[in-house]
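Heads up: the structure comes next, in structure tokens.
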There are 4 protein chains.
Amino acid sequence: MQGLLDSIIENNKYLVKEGKVASYIPVLGKGNPDHLGIAVTTLDGREYLAGDWEVKYTMQSISKVISLMLAIMDKGSRNVFSKVGMEPTGDGFNSIVNLEVKKLNKPYNPMINAGAIVISSLIEGRTVEERIRRIVSFAQKITDNNSIRVNEEVYQSEQETGDRNRALAYFMKSNNILSGSVKESLEVYFKQCSIEVNSRDISRIGAMLANDGILPWTGERVISRETARIVKTIMVTCGMYDESGEFAVHIGIPAKSGVGGGIMAAVPRRMGIGVFGPSLDDKGNSIAGIKMLQELSKELDLSIF
Amino acid sequence: MQGLLDSIIENNKYLVKEGKVASYIPVLGKGNPDHLGIAVTTLDGREYLAGDWEVKYTMQSISKVISLMLAIMDKGSRNVFSKVGMEPTGDGFNSIVNLEVKKLNKPYNPMINAGAIVISSLIEGRTVEERIRRIVSFAQKITDNNSIRVNEEVYQSEQETGDRNRALAYFMKSNNILSGSVKESLEVYFKQCSIEVNSRDISRIGAMLANDGILPWTGERVISRETARIVKTIMVTCGMYDESGEFAVHIGIPAKSGVGGGIMAAVPRRMGIGVFGPSLDDKGNSIAGIKMLQELSKELDLSIF
Amino acid sequence: MQGLLDSIIENNKYLVKEGKVASYIPVLGKGNPDHLGIAVTTLDGREYLAGDWEVKYTMQSISKVISLMLAIMDKGSRNVFSKVGMEPTGDGFNSIVNLEVKKLNKPYNPMINAGAIVISSLIEGRTVEERIRRIVSFAQKITDNNSIRVNEEVYQSEQETGDRNRALAYFMKSNNILSGSVKESLEVYFKQCSIEVNSRDISRIGAMLANDGILPWTGERVISRETARIVKTIMVTCGMYDESGEFAVHIGIPAKSGVGGGIMAAVPRRMGIGVFGPSLDDKGNSIAGIKMLQELSKELDLSIF
Amino acid sequence: MQGLLDSIIENNKYLVKEGKVASYIPVLGKGNPDHLGIAVTTLDGREYLAGDWEVKYTMQSISKVISLMLAIMDKGSRNVFSKVGMEPTGDGFNSIVNLEVKKLNKPYNPMINAGAIVISSLIEGRTVEERIRRIVSFAQKITDNNSIRVNEEVYQSEQETGDRNRALAYFMKSNNILSGSVKESLEVYFKQCSIEVNSRDISRIGAMLANDGILPWTGERVISRETARIVKTIMVTCGMYDESGEFAVHIGIPAKSGVGGGIMAAVPRRMGIGVFGPSLDDKGNSIAGIKMLQELSKELDLSIF
């Protein structure tokens, strides 16, 4: 395995020149496009690390999986999915169109921004701070890494450039799709996006999901088997933005990407994978990340289909 | 003329039972649906008043005409129309859809909310207060009524229920259609909507426009002939929400309605008209107001077509 | 007047180099972009002709006005407008979107293709041939020109390239917006678009409309005053494709353009105008045609606003 | 297994009263809503049959899987997916909207009508008849049932009521998404939808897919492993219309439904399933069919997630 990961890093180094580092949040634009990292955590708890696996990046949309799990734990899946759907959509992650023209009473799914903002509003806590603390704390648990933090500089940048998300949130508020304070829901959302991790952390989250909700390193169950299954399924149908269908066909692993350059993947009954490469394709997915997962999937026959 | 107006009020009293008073802003919902008023100001300065012409109501969308005139005076029409279009749209007054799907770089026209919010952002003034003061002051001048004020209770209600307008504004901000502070632009917009007038006030605005920009009662020019023409034209194509086309065919007068129940009409070279009836049709236009204008247009052959 | 028209032709000759001759119908693409013609028919029956006024072109969308008048004569305006609306739309002339997303039960207006196809289906006649004959015959009457014909080569070209219109028609058929035979309605529609005229013919149609439905040269009434008013109003709000609003503001005359390069304009109580210049802007309107109308409107103060 | 299937039929009989038999094609509306059938073909070739498994119904959208496999065999997957995408869409199966507003150069996926019509246009054959014969013949092979035929009455009904599909096809033709004859592509498409099968036939198709392209009863490979994987993946993300996401979460099996009331499911490495119940939910899926699959999936732990 270690040799495989090393050669995957080697094989895909040329890809760091393609695509673009996310720039819509200025701080992200400072990311070093040459980084390339991969980490695998198997279900017996072993870890394989290669390339720039230690480099930190913010979770961005990968955090949508974290908050979805926590919201289901807090409110139950029936309740959560009465407020957010489970259907993939061909529309972009920040689209308002269908909320308006189809008069939807809930966003399509928790992986688009509209759905994720609703999910953020469901996280329990008496104050915004407590809600954020609970998310960070849950992230620390499932990554077995207590040093995980919100990157405050990225958070500030998200706040300053978050007008499209404000538009989504106020639109949903005006249609009674979002309840509670818009400002607080957005604060929670922007903070969760700004949680900083490395590829090993991410691979551990994937491993827990691959292991049906049980932490491989302690045997502790953190989410129900049912929740793990729901989350993995939604990752397949909606996890890779508008490229989810193609990713499912070519790679066939439940995965969630973020514009920070990371991808978290969970191979049922086998392993969790974290990959990192900040250059993105025009859908917002890491170019090198997808290629590395494709190579790994092919080598180890990881597709679930 | 006085007899005609009296009989128009009489003929249309039965209509106050149809439609609904606007309720999306709670304070508006308290409006008395039995009110029915009409006022005519002719270009020689005479005024004819009938029914509940003295009853006050908030301008709501009628204020879009006021701020448009002021913005053109402040910035010039070329500049204003580089930021807001002149094209009618079949979409609702608060639609975001086309801004997203057509990737518009400006709202269709100044009579839909998106366009009106951009117009509000163009009004000059060092502070929000000054910008609002300038709008109120301009409204006082063209109504020859220094007692005109913002209704603060309605303003509060607009603020509390303005999430859809916030969504529009943040969407435009995120797409660089709206510049400057979103909060301030919305404050100006909500305040201008809450300016309180009666039907005589409204008829005077119409008379000034009918008179190509000159106040009939003093002979003073307040806007250029060109600006008056632009405003009247946009009133014809876009002034009555999604009913503008039908209104043009059946009545044929430049007019602008507001969900407060008022309609301001300008008959070129003849008169200004203000009508009031708070019960609205499903497009947001005063049912009795339209009928009264139709009767007046037919009796006096007012259609410009 | 003659001098004015001559100088307008002269002043705008440089414009024939801008824009593009319509190419979506191959035969139209053969049009000579250097042509520039103008004709005015006043309400006392005098005619002023300048430039390439004799050059023939196909009516294209200008024919929508002809068939609308005939349909109203055949079925009555109430009936016609129960099947086609009167509202302008910001969407393109061949858009299907709003028929689908807004579940419209009728097209926005008779000037977009969807509406015009429905109008074609309302023209009476036992056979397609008879329906077409009636349209041509009506066109001959209101142009005082019995030599008017369908250009069969253009018609063939329309048939061959009419798939977008077929899509519109079948969509409306499937939603019960269009009744009767799709093929026949399209045949009527394609034929009416292919009627060949020159600028004098077009100016005469405008003169009849300007004269409230009475042919200036004989005093014969061919359509009711009401119908003339409806048609002129719809020309203002919807006649110039997505440029109708701007045209109304800058020129202020009821007008209808066609991608053949012609524009028919009707100045109420004053004159009909026909202009011709095959180079189109990106909305589908004759660039030189609009400029010539603008110059004429300014010189003679023709705006109705 | 047999006992399980019998009890599943028994448990779900009450559901035949819910939902509605498809009526948009009149002949389908004659379906007996009381029918309920299930068939399982395991990868060792054994078959388990229960309820009305022998009742015949037309494939409708299930045929989209057949033609997709054949098109890939004819043209190669790279070629096929250059003309049709692989992405799920939240829009209805017969939507035109996104083709227009997003200016797509190919339909989202082969499971919506637009995509399936393009796929039909790719099936090889010198004549329409030959292309249809090849599809039927391929269906016969993968169901091991040479008596499979097109139901001509249903085909006639499809033809007569197929205007929405005509609209889609002509729209795609006008945008160069569809090449070749619209009429022929639609004839192929309507015929493939009208192929009549029973639940055992359907379960065999599922078994072949579950077996990675090899017929379990002969060991013969009919499609490549790669093609089988592509097809199953697209069935997960797009196979159950707008309910695909929910079906994946709750049942987790690659499946394709048809408005005839059938659902074909392929459980990788385990079995093919055919279920039948003509009463549909508002998405167009068999209500009892989904419930029976859900029960089976739960009992046998079939979810791939």
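How things are named: the first chain in the structure tokens is A, the next is B, and so on; residues count from 1 in each chain; ligands count from 1 in the order shown.
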Contacts of C:Ser157 within 7 Å, only C-alpha atoms, excl. fewer than 3 positions in-chain, as a compact mmCIF listing (two decimals) with N, CA and C atoms, in the first residue's frame:
# COMPACT_ATOMS: atom_id res chain seq x y z
N ILE C 25 -31.81 31.22 -41.34
CA ILE C 25 -32.48 30.69 -42.51
C ILE C 25 -31.55 30.97 -43.68
N PRO C 26 -30.98 29.93 -44.27
CA PRO C 26 -29.89 30.14 -45.25
C PRO C 26 -30.25 31.15 -46.34
N VAL C 27 -31.47 31.08 -46.86
CA VAL C 27 -31.82 31.99 -47.96
C VAL C 27 -31.72 33.44 -47.53
N GLU C 153 -39.11 30.15 -52.20
CA GLU C 153 -37.76 29.71 -51.84
C GLU C 153 -37.49 29.95 -50.35
N VAL C 154 -37.90 31.13 -49.88
CA VAL C 154 -37.74 31.41 -48.45
C VAL C 154 -38.60 30.45 -47.65
N GLU C 160 -37.24 23.93 -43.79
CA GLU C 160 -36.09 23.06 -43.57
C GLU C 160 -35.36 23.38 -42.27
N THR C 161 -35.47 24.61 -41.83
CA THR C 161 -34.69 25.02 -40.66
C THR C 161 -35.59 25.36 -39.47
Within 6 Å of chain B, which residues of chain A are there when counting only C-alpha atoms? Please give them as a list of chain:residue names.
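Here they are: A:Val97, A:Asp163, A:Arg164, A:Ala167, A:Tyr170, A:Phe171, A:Ser174.
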B:Met240 proximity check over C:Ile112, C:Glu87, C:Pro268, C:Arg126, using only C-alpha atoms: winner is C:Glu87
Could you check how far atom CA of D:Val150 sits from atom CA of D:Leu49, in Å to one decimal?
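Between these atoms lies a distance of 23.5 Å.
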Who sits within 6 Å of stretch 301-304 of chain D, only C-alpha atoms, same chain under 6 positions skipped, as an NGL selection string:
:D and (251-253)
I'd like the contact shell of D:Glu226 - 12 Å cut-off, only C-alpha atoms, skipping same-chain residues fewer than 6 positions apart - returned as number ranges by chain.
A: 249-252, 298, 303, 305; D: 69, 72-73, 76-78, 209, 211-214, 232-233
Could the residues in this selection be saved with C-alpha atoms as a PDB file, in the first residue's frame?
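New file result09.pdb:
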ATOM      1  CA  VAL A 249     -19.112   5.970 -13.033  1.00  0.00           C
ATOM      2  CA  HIS A 250     -15.358   6.297 -13.236  1.00  0.00           C
ATOM      3  CA  ILE A 251     -14.351   5.840  -9.611  1.00  0.00           C
ATOM      4  CA  GLY A 252     -17.382   4.492  -7.811  1.00  0.00           C
ATOM      5  CA  LYS A 298      -8.500   0.990 -10.320  1.00  0.00           C
ATOM      6  CA  SER A 303     -15.745   0.705  -6.998  1.00  0.00           C
ATOM      7  CA  PHE A 305     -20.747  -0.829  -8.545  1.00  0.00           C
TER       8      PHE A 305
ATOM      9  CA  MET D  69     -26.183  -0.951 -23.497  1.00  0.00           C
ATOM     10  CA  ILE D  72     -22.371   1.516 -26.071  1.00  0.00           C
ATOM     11  CA  MET D  73     -21.788  -1.779 -27.869  1.00  0.00           C
ATOM     12  CA  GLY D  76     -18.216   2.713 -27.646  1.00  0.00           C
ATOM     13  CA  SER D  77     -18.783   4.441 -24.332  1.00  0.00           C
ATOM     14  CA  ARG D  78     -16.530   7.388 -25.088  1.00  0.00           C
ATOM     15  CA  LEU D 209     -26.044  -6.699 -14.911  1.00  0.00           C
ATOM     16  CA  ASN D 211     -23.216 -10.625 -12.958  1.00  0.00           C
ATOM     17  CA  ASP D 212     -21.030  -7.951 -14.580  1.00  0.00           C
ATOM     18  CA  GLY D 213     -22.377  -8.595 -18.078  1.00  0.00           C
ATOM     19  CA  ILE D 214     -22.443 -12.392 -18.166  1.00  0.00           C
ATOM     20  CA  LYS D 232     -25.496   0.140 -12.860  1.00  0.00           C
ATOM     21  CA  THR D 233     -23.932   3.372 -11.671  1.00  0.00           C
TER      22      THR D 233
END
